[in-house]
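Here is entry-v4.cif, consisting of mmCIF, C-alpha atoms:
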data_input
loop_
_atom_site.label_atom_id
_atom_site.label_comp_id
_atom_site.auth_asym_id
_atom_site.auth_seq_id
_atom_site.Cartn_x
_atom_site.Cartn_y
_atom_site.Cartn_z
CA MET J 28 94.78 168.05 86.81
CA ARG J 29 92.99 171.31 86.20
CA PRO J 30 95.22 174.37 86.70
CA HIS J 31 94.35 176.96 89.32
CA PHE J 32 95.59 179.85 87.16
CA HIS J 33 97.83 180.65 84.18
CA VAL J 34 101.03 182.69 83.91
CA ALA J 35 102.39 183.69 80.49
CA GLY J 36 100.14 181.05 78.97
CA PHE J 37 101.41 178.24 81.22
CA PRO J 38 98.92 176.37 83.46
CA VAL J 39 99.86 176.53 87.13
CA ARG J 40 98.62 174.24 89.88
CA LEU J 41 99.13 175.23 93.51
CA HIS J 42 99.13 172.70 96.35
CA PRO J 43 98.30 173.80 99.91
CA LEU J 44 101.50 172.19 101.21
CA PHE J 45 103.48 174.87 99.38
CA PHE J 46 102.27 177.53 101.81
CA VAL J 47 102.64 175.21 104.80
CA VAL J 48 106.33 174.67 104.02
CA ALA J 49 106.82 178.38 103.26
CA LEU J 50 105.41 179.22 106.69
CA MET J 51 107.66 176.64 108.33
CA THR J 52 110.79 178.07 106.70
CA GLY J 53 109.86 181.52 108.01
CA TRP J 54 108.94 180.36 111.53
CA THR J 55 111.46 182.78 113.13
CA LEU J 56 109.18 185.62 111.98
CA ILE J 57 106.10 184.19 113.70
CA SER J 58 106.03 187.07 116.22
CA GLU J 59 105.84 189.59 113.35
CA PRO J 60 102.87 188.64 111.13
CA SER J 61 103.53 191.36 108.56
CA ARG J 62 107.10 190.20 108.00
CA LEU J 63 106.02 186.55 107.89
CA ALA J 64 103.35 187.38 105.29
CA LEU J 65 105.98 189.26 103.29
CA TRP J 66 108.28 186.22 103.42
CA VAL J 67 105.56 183.84 102.19
CA GLY J 68 104.67 186.23 99.37
CA ILE J 69 108.30 186.54 98.29
CA VAL J 70 108.77 182.75 98.36
CA PHE J 71 105.65 182.31 96.23
CA VAL J 72 106.71 184.90 93.64
CA SER J 73 110.31 183.70 93.54
CA VAL J 74 109.53 179.98 93.15
CA LEU J 75 106.92 180.76 90.50
CA LEU J 76 109.47 182.95 88.70
CA HIS J 77 112.04 180.16 88.88
CA GLU J 78 109.66 177.62 87.36
CA LEU J 79 108.58 180.16 84.76
CA GLY J 80 112.21 180.33 83.64
CA HIS J 81 112.18 176.58 83.00
CA ALA J 82 108.80 176.81 81.24
CA LEU J 83 109.94 179.60 78.93
CA ALA J 84 113.04 177.59 78.04
CA PHE J 85 110.85 174.58 77.23
CA ARG J 86 108.67 176.81 75.05
CA ARG J 87 111.76 178.03 73.20
CA TYR J 88 112.35 174.46 72.04
CA GLY J 89 108.73 173.80 71.14
CA CYS J 90 107.74 171.93 74.30
CA ARG J 91 104.45 172.49 76.10
CA ALA J 92 104.96 172.90 79.84
CA ARG J 93 102.94 173.19 83.01
CA ILE J 94 103.96 174.34 86.48
CA GLU J 95 103.16 172.84 89.87
CA LEU J 96 103.99 174.46 93.21
CA HIS J 97 104.02 171.87 95.99
CA GLY J 98 105.53 171.08 99.36
CA MET J 99 108.95 170.36 97.84
CA GLY J 100 109.06 173.70 96.02
CA GLY J 101 108.11 173.69 92.37
CA THR J 102 108.23 171.49 89.29
CA THR J 103 107.95 172.36 85.62
CA GLN J 104 106.66 169.37 83.68
CA THR J 105 106.46 168.53 80.00
CA HIS J 106 105.78 165.37 78.03
CA ASP J 107 107.91 166.67 75.14
CA ALA J 108 111.33 166.64 76.85
CA ALA J 109 112.33 163.49 74.96
CA HIS J 110 112.86 165.64 71.87
CA LEU J 111 115.50 167.85 73.52
CA THR J 112 119.21 167.38 72.97
CA HIS J 113 121.47 167.24 76.01
CA THR J 114 122.66 170.79 75.35
CA GLN J 115 119.10 172.08 75.14
CA SER J 116 118.20 170.23 78.33
CA ALA J 117 121.17 171.87 80.05
CA PHE J 118 119.87 175.28 79.01
CA VAL J 119 116.44 174.43 80.43
CA SER J 120 118.07 173.44 83.73
CA PHE J 121 119.98 176.72 83.98
CA ALA J 122 117.03 178.88 82.92
CA GLY J 123 115.31 178.56 86.31
CA PRO J 124 118.18 179.87 88.46
CA GLY J 125 119.16 182.21 85.63
CA ILE J 126 115.89 184.14 85.67
CA GLY J 127 116.17 184.35 89.47
CA PHE J 128 119.66 185.85 89.17
CA LEU J 129 118.33 188.36 86.65
CA ALA J 130 115.39 189.35 88.86
CA GLY J 131 117.62 189.59 91.92
CA GLY J 132 120.09 191.78 90.06
CA LEU J 133 117.35 194.12 88.89
CA ILE J 134 115.91 194.47 92.42
CA TRP J 135 119.38 195.09 93.87
CA GLY J 136 120.13 197.73 91.23
CA LEU J 137 116.78 199.41 91.87
CA SER J 138 117.43 199.45 95.62
CA GLN J 139 120.73 201.23 95.00
CA LEU J 140 119.10 203.92 92.86
CA VAL J 141 115.85 204.47 94.75
CA PRO J 142 115.56 204.56 98.57
CA LEU J 143 113.25 201.78 99.72
CA GLY J 144 112.42 202.91 103.23
CA GLU J 145 114.49 203.00 106.36
CA PRO J 146 117.20 200.38 107.00
CA GLY J 147 115.65 197.46 108.82
CA GLY J 148 112.16 198.45 107.72
CA LEU J 149 109.66 196.25 105.96
CA ALA J 150 110.70 197.33 102.46
CA ASP J 151 114.39 196.91 103.25
CA GLN J 152 113.79 193.45 104.66
CA GLY J 153 111.69 192.55 101.62
CA VAL J 154 114.61 193.40 99.33
CA ARG J 155 116.97 191.31 101.45
CA GLN J 156 114.58 188.36 101.44
CA PHE J 157 114.06 188.61 97.69
CA LEU J 158 117.83 188.62 97.09
CA TRP J 159 118.30 185.65 99.42
CA VAL J 160 115.60 183.53 97.83
CA ASN J 161 116.54 184.31 94.21
CA ILE J 162 120.32 184.57 94.42
CA GLY J 163 121.14 182.58 97.55
CA TRP J 164 118.80 179.70 96.77
CA GLY J 165 119.68 179.97 93.08
CA LEU J 166 123.35 179.34 93.88
CA PHE J 167 122.45 176.43 96.17
CA ASN J 168 120.21 175.02 93.43
CA LEU J 169 123.20 174.96 91.06
CA LEU J 170 125.15 172.59 93.30
CA PRO J 171 125.86 169.36 91.37
CA MET J 172 123.35 167.20 93.26
CA GLN J 173 120.37 165.57 91.57
CA PRO J 174 117.52 166.42 91.37
CA LEU J 175 118.70 170.03 91.81
CA ASP J 176 119.14 172.02 88.63
CA GLY J 177 122.90 171.89 89.08
CA GLY J 178 122.81 168.10 89.13
CA HIS J 179 120.81 168.01 85.90
CA LEU J 180 123.07 170.63 84.35
CA LEU J 181 126.20 168.61 85.14
CA ALA J 182 124.63 165.37 83.90
CA ASP J 183 123.47 166.95 80.63
CA LEU J 184 126.86 168.54 79.95
CA VAL J 185 128.65 165.25 80.62
CA ARG J 186 126.19 163.33 78.43
CA ALA J 187 126.53 165.87 75.62
CA ARG J 188 130.28 165.29 75.62
CA SER J 189 130.68 161.63 76.58
CA GLY J 190 127.28 159.96 76.39
CA TYR J 191 126.12 157.84 79.32
CA ARG J 192 129.49 156.33 80.26
CA HIS J 193 129.93 158.45 83.39
CA GLU J 194 126.51 158.21 85.08
CA ARG J 195 127.96 156.75 88.26
CA ALA J 196 130.67 159.40 88.42
CA VAL J 197 128.05 162.16 88.13
CA LEU J 198 126.08 160.62 91.00
CA GLY J 199 129.31 160.27 92.99
CA VAL J 200 129.87 164.01 92.63
CA GLY J 201 126.35 164.58 93.97
CA ILE J 202 126.97 162.36 97.00
CA ALA J 203 130.28 164.07 97.78
CA THR J 204 128.63 167.47 97.46
CA ALA J 205 125.86 166.42 99.82
CA VAL J 206 128.42 165.33 102.43
CA VAL J 207 130.23 168.67 102.20
CA VAL J 208 126.99 170.65 102.48
CA LEU J 209 125.89 168.52 105.44
CA GLY J 210 129.18 169.26 107.20
CA LEU J 211 128.82 172.98 106.57
CA ALA J 212 125.21 172.89 107.79
CA ILE J 213 126.23 171.17 111.02
CA GLY J 214 129.05 173.66 111.57
CA SER J 215 126.75 176.65 111.00
CA LYS J 216 123.77 175.05 112.76
CA GLN J 217 121.55 175.35 109.68
CA LEU J 218 118.87 172.71 110.32
CA TRP J 219 116.98 173.04 107.02
CA MET J 220 120.14 172.96 104.93
CA GLY J 221 121.37 169.87 106.76
CA MET J 222 118.08 168.03 106.34
CA LEU J 223 117.94 168.92 102.65
CA ALA J 224 121.53 167.79 102.12
CA MET J 225 120.75 164.45 103.78
CA VAL J 226 117.67 163.89 101.63
CA LEU J 227 119.51 164.76 98.41
CA GLY J 228 122.48 162.64 99.39
CA VAL J 229 120.26 159.61 100.02
CA MET J 230 118.48 160.14 96.68
CA ASN J 231 121.81 160.21 94.83
CA LEU J 232 123.07 157.18 96.77
CA GLU J 233 119.91 155.23 95.92
CA GLN J 234 120.21 156.15 92.27
CA LEU J 235 123.89 155.12 92.31
CA ARG J 236 122.91 151.75 93.79
CA ARG J 237 120.45 151.19 90.93
CA THR J 238 122.86 152.28 88.20
CA PRO J 239 124.89 149.40 86.68
CA LYS J 240 128.67 149.67 87.05
CA GLN J 241 128.99 149.00 83.34
CA ARG J 242 125.95 150.17 81.44
CA PRO J 243 125.55 147.91 78.39
CA ALA J 244 125.44 149.66 75.06
CA GLU J 245 122.04 148.13 74.38
CA ARG J 246 120.50 150.11 77.25
CA ARG J 247 121.64 153.52 76.07
CA PHE J 248 118.17 154.41 74.94
CA VAL J 249 118.49 158.11 74.23
CA LEU J 250 115.17 159.53 73.09
CA PRO J 251 114.32 160.04 70.27
CA ARG J 252 117.39 158.85 68.37
CA ALA J 253 117.53 155.46 66.64
CA VAL J 254 119.15 152.86 68.89
CA ARG J 255 120.11 149.24 69.03
CA LYS J 256 117.68 146.73 70.44
CA PRO J 257 117.63 147.19 74.24
CA GLN J 258 118.39 144.18 76.40
CA ALA J 259 115.77 142.45 78.48
CA ALA J 260 114.50 144.10 81.62
CA PRO J 261 116.46 143.38 84.83
CA ALA J 262 115.64 140.12 86.57
CA ASP J 263 114.26 141.95 89.58
CA ALA J 264 112.01 144.19 87.49
CA ILE J 265 108.28 143.95 88.20
CA SER J 266 106.10 143.65 85.12
CA ILE J 267 102.81 145.43 84.66
CA GLU J 268 100.96 142.11 84.62
CA GLN J 269 102.50 141.08 87.96
CA LEU J 270 101.47 144.36 89.53
CA MET J 271 97.94 143.99 88.20
CA ASP J 272 97.67 140.43 89.51
CA GLU J 273 98.73 141.63 92.97
CA LEU J 274 96.34 144.57 92.94
CA ARG J 275 93.46 142.91 91.09
CA GLY J 276 91.20 143.38 94.07
CA ALA J 277 92.11 147.04 94.55
CA PRO J 278 89.30 149.56 93.94
CA ARG J 279 89.39 151.38 90.63
CA PRO J 280 87.42 154.40 89.42
CA THR J 281 84.16 153.45 87.73
CA GLY J 282 83.27 156.76 86.15
CA ALA J 283 84.45 160.19 85.17
CA ALA J 284 83.78 161.60 88.62
CA ASP J 285 85.97 158.94 90.26
CA ALA J 286 88.70 159.50 87.71
CA ASP J 287 88.67 163.22 88.38
CA ALA J 288 88.86 162.55 92.10
CA ASP J 289 91.90 160.28 91.71
CA ASP J 290 93.53 162.70 89.27
CA ASP J 291 93.13 165.54 91.74
CA LEU J 292 95.07 163.85 94.54
CA GLU J 293 97.40 166.35 96.10
CA GLY J 294 100.63 166.11 97.97
CA PRO J 295 103.63 163.77 97.77
CA HIS J 296 101.51 160.77 98.88
CA ASP J 297 100.09 160.52 95.35
CA PRO J 298 102.24 157.90 93.51
CA ALA J 299 101.37 159.47 90.14
CA LEU J 300 102.63 162.88 91.30
CA VAL J 301 105.75 161.35 92.85
CA GLY J 302 106.46 159.35 89.70
CA GLU J 303 106.04 162.37 87.42
CA MET J 304 108.28 164.47 89.66
CA LEU J 305 111.01 161.81 89.58
CA LEU J 306 110.66 161.46 85.81
CA ASP J 307 110.84 165.20 85.20
CA ASN J 308 113.84 165.46 87.50
CA GLY J 309 115.85 162.97 85.46
CA LEU J 310 115.25 159.86 87.61
CA PRO J 311 113.20 157.58 85.32
CA GLU J 312 114.43 154.36 86.95
CA LEU J 313 113.06 155.53 90.29
CA ALA J 314 109.86 156.79 88.65
CA VAL J 315 108.83 153.48 87.07
CA GLY J 316 107.65 151.82 90.28
CA SER J 317 105.45 154.73 91.40
CA LEU J 318 103.95 155.17 87.93
CA GLN J 319 103.26 151.43 87.56
CA SER J 320 101.45 151.41 90.88
CA ALA J 321 99.50 154.59 90.07
CA PHE J 322 98.45 153.41 86.59
CA THR J 323 97.41 150.01 87.93
CA GLN J 324 95.17 151.55 90.58
CA ALA J 325 93.82 154.38 88.42
CA PRO J 326 94.54 153.91 84.68
CA LEU J 327 94.43 157.56 83.62
CA PRO J 328 95.79 158.64 80.21
CA ARG J 329 98.21 161.15 81.73
CA THR J 330 99.70 158.61 84.14
CA GLY J 331 99.96 156.09 81.32
CA HIS J 332 101.88 158.58 79.19
CA ALA J 333 104.34 159.26 82.01
CA LEU J 334 104.78 155.51 82.59
CA VAL J 335 105.51 154.93 78.91
CA LEU J 336 108.12 157.72 78.94
CA ALA J 337 109.81 156.20 81.99
CA LEU J 338 109.88 152.71 80.43
CA LEU J 339 111.30 154.08 77.18
CA HIS J 340 113.97 156.10 78.98
CA THR J 341 115.11 153.02 80.93
CA GLY J 342 114.90 150.62 77.99
CA ARG J 343 112.40 148.33 79.73
CA LEU J 344 110.64 147.33 76.54
CA GLN J 345 109.45 143.95 77.80
CA GLU J 346 107.43 145.71 80.49
CA LEU J 347 106.16 148.12 77.84
CA ALA J 348 105.02 145.16 75.77
CA SER J 349 103.23 143.77 78.84
CA LEU J 350 101.52 147.12 79.28
CA LEU J 351 100.23 147.01 75.70
CA ASP J 352 98.85 143.49 76.32
CA SER J 353 97.01 144.51 79.49
CA SER J 354 93.39 145.63 79.68
CA HIS J 355 94.59 149.04 80.88
CA ALA J 356 96.19 149.65 77.46
CA ARG J 357 92.79 150.94 76.34
CA GLN J 358 93.35 153.98 78.54
CA LEU J 359 96.51 155.04 76.70
CA SER J 360 95.96 158.11 74.57
CA GLU J 361 96.59 158.29 70.85
CA ASP J 362 99.54 160.62 71.54
CA THR J 363 101.05 157.97 73.80
CA LEU J 364 100.60 155.24 71.18
CA ALA J 365 102.16 157.53 68.57
CA LEU J 366 105.16 158.03 70.87
CA ILE J 367 105.60 154.27 71.28
CA SER J 368 105.25 153.75 67.52
CA GLU J 369 107.90 156.37 66.81
CA HIS J 370 110.50 154.78 69.06
CA ALA J 371 109.50 151.22 68.18
CA GLY J 372 110.20 152.08 64.56
CA ALA J 373 113.52 153.72 65.43
CA ALA J 374 114.60 150.70 67.49
CA ARG J 375 113.15 148.22 64.94
CA GLU J 376 110.90 146.65 67.55
CA ALA J 377 108.39 144.88 65.33
CA THR J 378 106.63 143.29 68.30
CA LEU J 379 105.68 146.64 69.78
CA THR J 380 104.54 147.93 66.41
CA GLU J 381 102.29 144.89 65.88
CA ARG J 382 100.72 145.24 69.33
CA ILE J 383 100.02 148.92 68.80
CA THR J 384 98.41 148.17 65.45
CA ALA J 385 96.22 145.49 67.02
CA LEU J 386 95.30 147.82 69.86
CA ARG J 387 94.30 150.60 67.48
CA HIS J 388 92.13 148.25 65.45
CA GLY J 389 90.42 147.05 68.59
CA ARG J 390 89.27 150.44 69.85
CA THR J 391 89.62 154.19 69.49
CA PRO J 392 92.16 155.37 72.07
CA VAL J 393 91.14 158.05 74.55
CA THR J 394 92.72 161.47 74.33
CA ASP J 395 94.66 163.32 76.98
CA GLU J 396 92.82 165.91 79.00
CA PRO J 397 93.30 169.45 77.64
CA ARG J 398 95.98 171.53 79.30
#
In structure tokens, how does this file's structure come out?
Amino acid sequence: MRPHFHVAGFPVRLHPLFFVVALMTGWTLISEPSRLALWVGIVFVSVLLHELGHALAFRRYGCRARIELHGMGGTTQTHDAAHLTHTQSAFVSFAGPGIGFLAGGLIWGLSQLVPLGEPGGLADQGVRQFLWVNIGWGLFNLLPMQPLDGGHLLADLVRARSGYRHERAVLGVGIATAVVVLGLAIGSKQLWMGMLAMVLGVMNLEQLRRTPKQRPAERRFVLPRAVRKPQAAPADAISIEQLMDELRGAPRPTGAADADADDDLEGPHDPALVGEMLLDNGLPELAVGSLQSAFTQAPLPRTGHALVLALLHTGRLQELASLLDSSHARQLSEDTLALISEHAGAAREATLTERITALRHGRTPVTDEPR
């Protein structure tokens, strides 16, 4: 997708739903348009600042990043996260709330040194709102629930110390936290907090349901380290070929204009956007289905790259092999094929290597759109 603007060299895309949700969260100020406008502006600046913290942390480790502001808040995306260690990934997770804490502290200190209008005035309320969004939301965002930053931070710290043996325990902590937050929200009559806690709790419960009680060693596919040969995909997994057979009659873009139109879909109804958000929030198993559907309907290089990342993260190499055998494999970029080759070599997957070689000899892969 083409960015709407750039901040510190990072492309930023802004969805209209972002402002709709910001207005809804400030509905109590509807009778005071100036204060409502101030609230929306502060939410915009604060969320952008939060995502900028993640982006700068990615840049520190050599990863290219882009920012999207949408109805669920914001997301900082990169296709290079596979190269991060768990400790580096934990730093990236903390960088978002961390920059908010820093900004909030600076504004608070400034307000103590310089009078900012009368108490209760517009400037005074602006300071209070800024502190609430950056410090209050920052603390909430560090709660150990995925896909909040705190959930990723906990998971990365546990993985750095113990590997992937405690994935279910980490999700259990998230579910317990969601229950506690829901109880507090009901007691304090905080509707938005209660709804958010319910959504996050269900997401963690669903991920727990999909996580094996005993994760086989073969499936610990930690990118980009060398690993053992992953086991076959789960019996209930849907292959790329099956999806394409089911959707063979579905309309597909026939030219660049159609591709651009599909790639510019906005909002959470876009399966490619949903899949990328789940992938970037550490939920690759949930992302696979959305990305498979999106790539089948509109085989764009960017969606294909995200799908390949999700399949590699979950060790579903049989489905990856099916993808390379499909006609849509011609839409995979050279960068994507290089990524598959790298991990196929590390895992000693000769079949994948042979299919990539055959695919390269058959055509010149397309390249990803510039960012």
Q) Pick the closest to Ala196 in chain J from J:Met220, J:Leu318, J:Val67, J:Ala182: which is it, counting all atoms listed in the file? A) J:Ala182
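Taking all atoms listed in the file into account, Gly132 in chain J lies nearest to J:Leu158 out of the set J:Ala117, J:Val226, J:Leu306, J:Leu158.
Matched in the shown structure by the PyMOL selection byres ((chain J and resi 83) around 10): Ala35, Gly36, Phe37, Glu78, Leu79, Gly80, His81, Ala82, Ala84, Phe85, Arg86, Arg87, Tyr88, Gly89, Cys90, Arg91, Ala92, Val119, Ala122 and Gly123 of chain J.
Across the model, the gap from CA of Phe322 in chain J to CA of Val229 in chain J is 26.4 Å.
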(Q) Between J:Leu96, J:Val154, J:Ile162, J:Ala337, which residue has the minimum interatomic distance to His31 in chain J, considering only C-alpha atoms? (A) J:Leu96
Q | Shell around His332 in chain J at 12 Å using only C-alpha atoms, local window under 5 positions removed, as a VMD selection string | A | chain J and resid 105 to 107 299 302 to 303 306 315 318 to 319 321 to 322 326 to 327 337 to 339 347 350 356 358 to 367 393 to 396
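The space separating CA of Gln104 in chain J from CA of His42 in chain J comes to 15.1 Å.
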Q) Do you have the CA of Leu235 in chain J-CA of His97 in chain J distance handy? A) 26.2 Å
Q: Just say which residues the PyMOL selection byres ((chain J and resi 200-204) around 9) picks in this file, as an MDAnalysis selection string.
A: chainID J and resid 170:173 178 195:199 205:209 224 227:232
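Using only C-alpha atoms, the nearest neighbour of Thr238 in chain J within the list J:Asn168, J:Asn161, J:Thr378, J:Thr341 is J:Thr341.
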Fewer than 6 positions away in the same chain doesn't count, so skip those; otherwise give me all residues within 9 Å of Val70 in chain J, counting only C-alpha atoms, as a PDB file with C-alpha atoms, keeping the file's coordinate frame.
ATOM      1  CA  ALA J  49     106.820 178.380 103.260  1.00  0.00           C
ATOM      2  CA  GLN J 156     114.580 188.360 101.440  1.00  0.00           C
ATOM      3  CA  PHE J 157     114.060 188.610  97.690  1.00  0.00           C
ATOM      4  CA  VAL J 160     115.600 183.530  97.830  1.00  0.00           C
ATOM      5  CA  ASN J 161     116.540 184.310  94.210  1.00  0.00           C
TER       6      ASN J 161
END
Q. If you apply the PyMOL selection byres ((chain J and resi 186) around 12) to this file, what residues do you get, as an NGL selection string?
A. :J and (112-117 or 179-185 or 187-197 or 247 or 249)
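If you measure from each of J:Gln139, J:Thr323, J:Ser317, J:Thr380 to Ser354 in chain J using only C-alpha atoms, the closest one turns out to be J:Thr323.
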**Q.** Spatial neighbours of Leu149 in chain J, 12 Å, all atoms listed in the file, chain gap at least 5 places, as a ChimeraX atom specification
**A.** /J:59-66,143-144,154-156
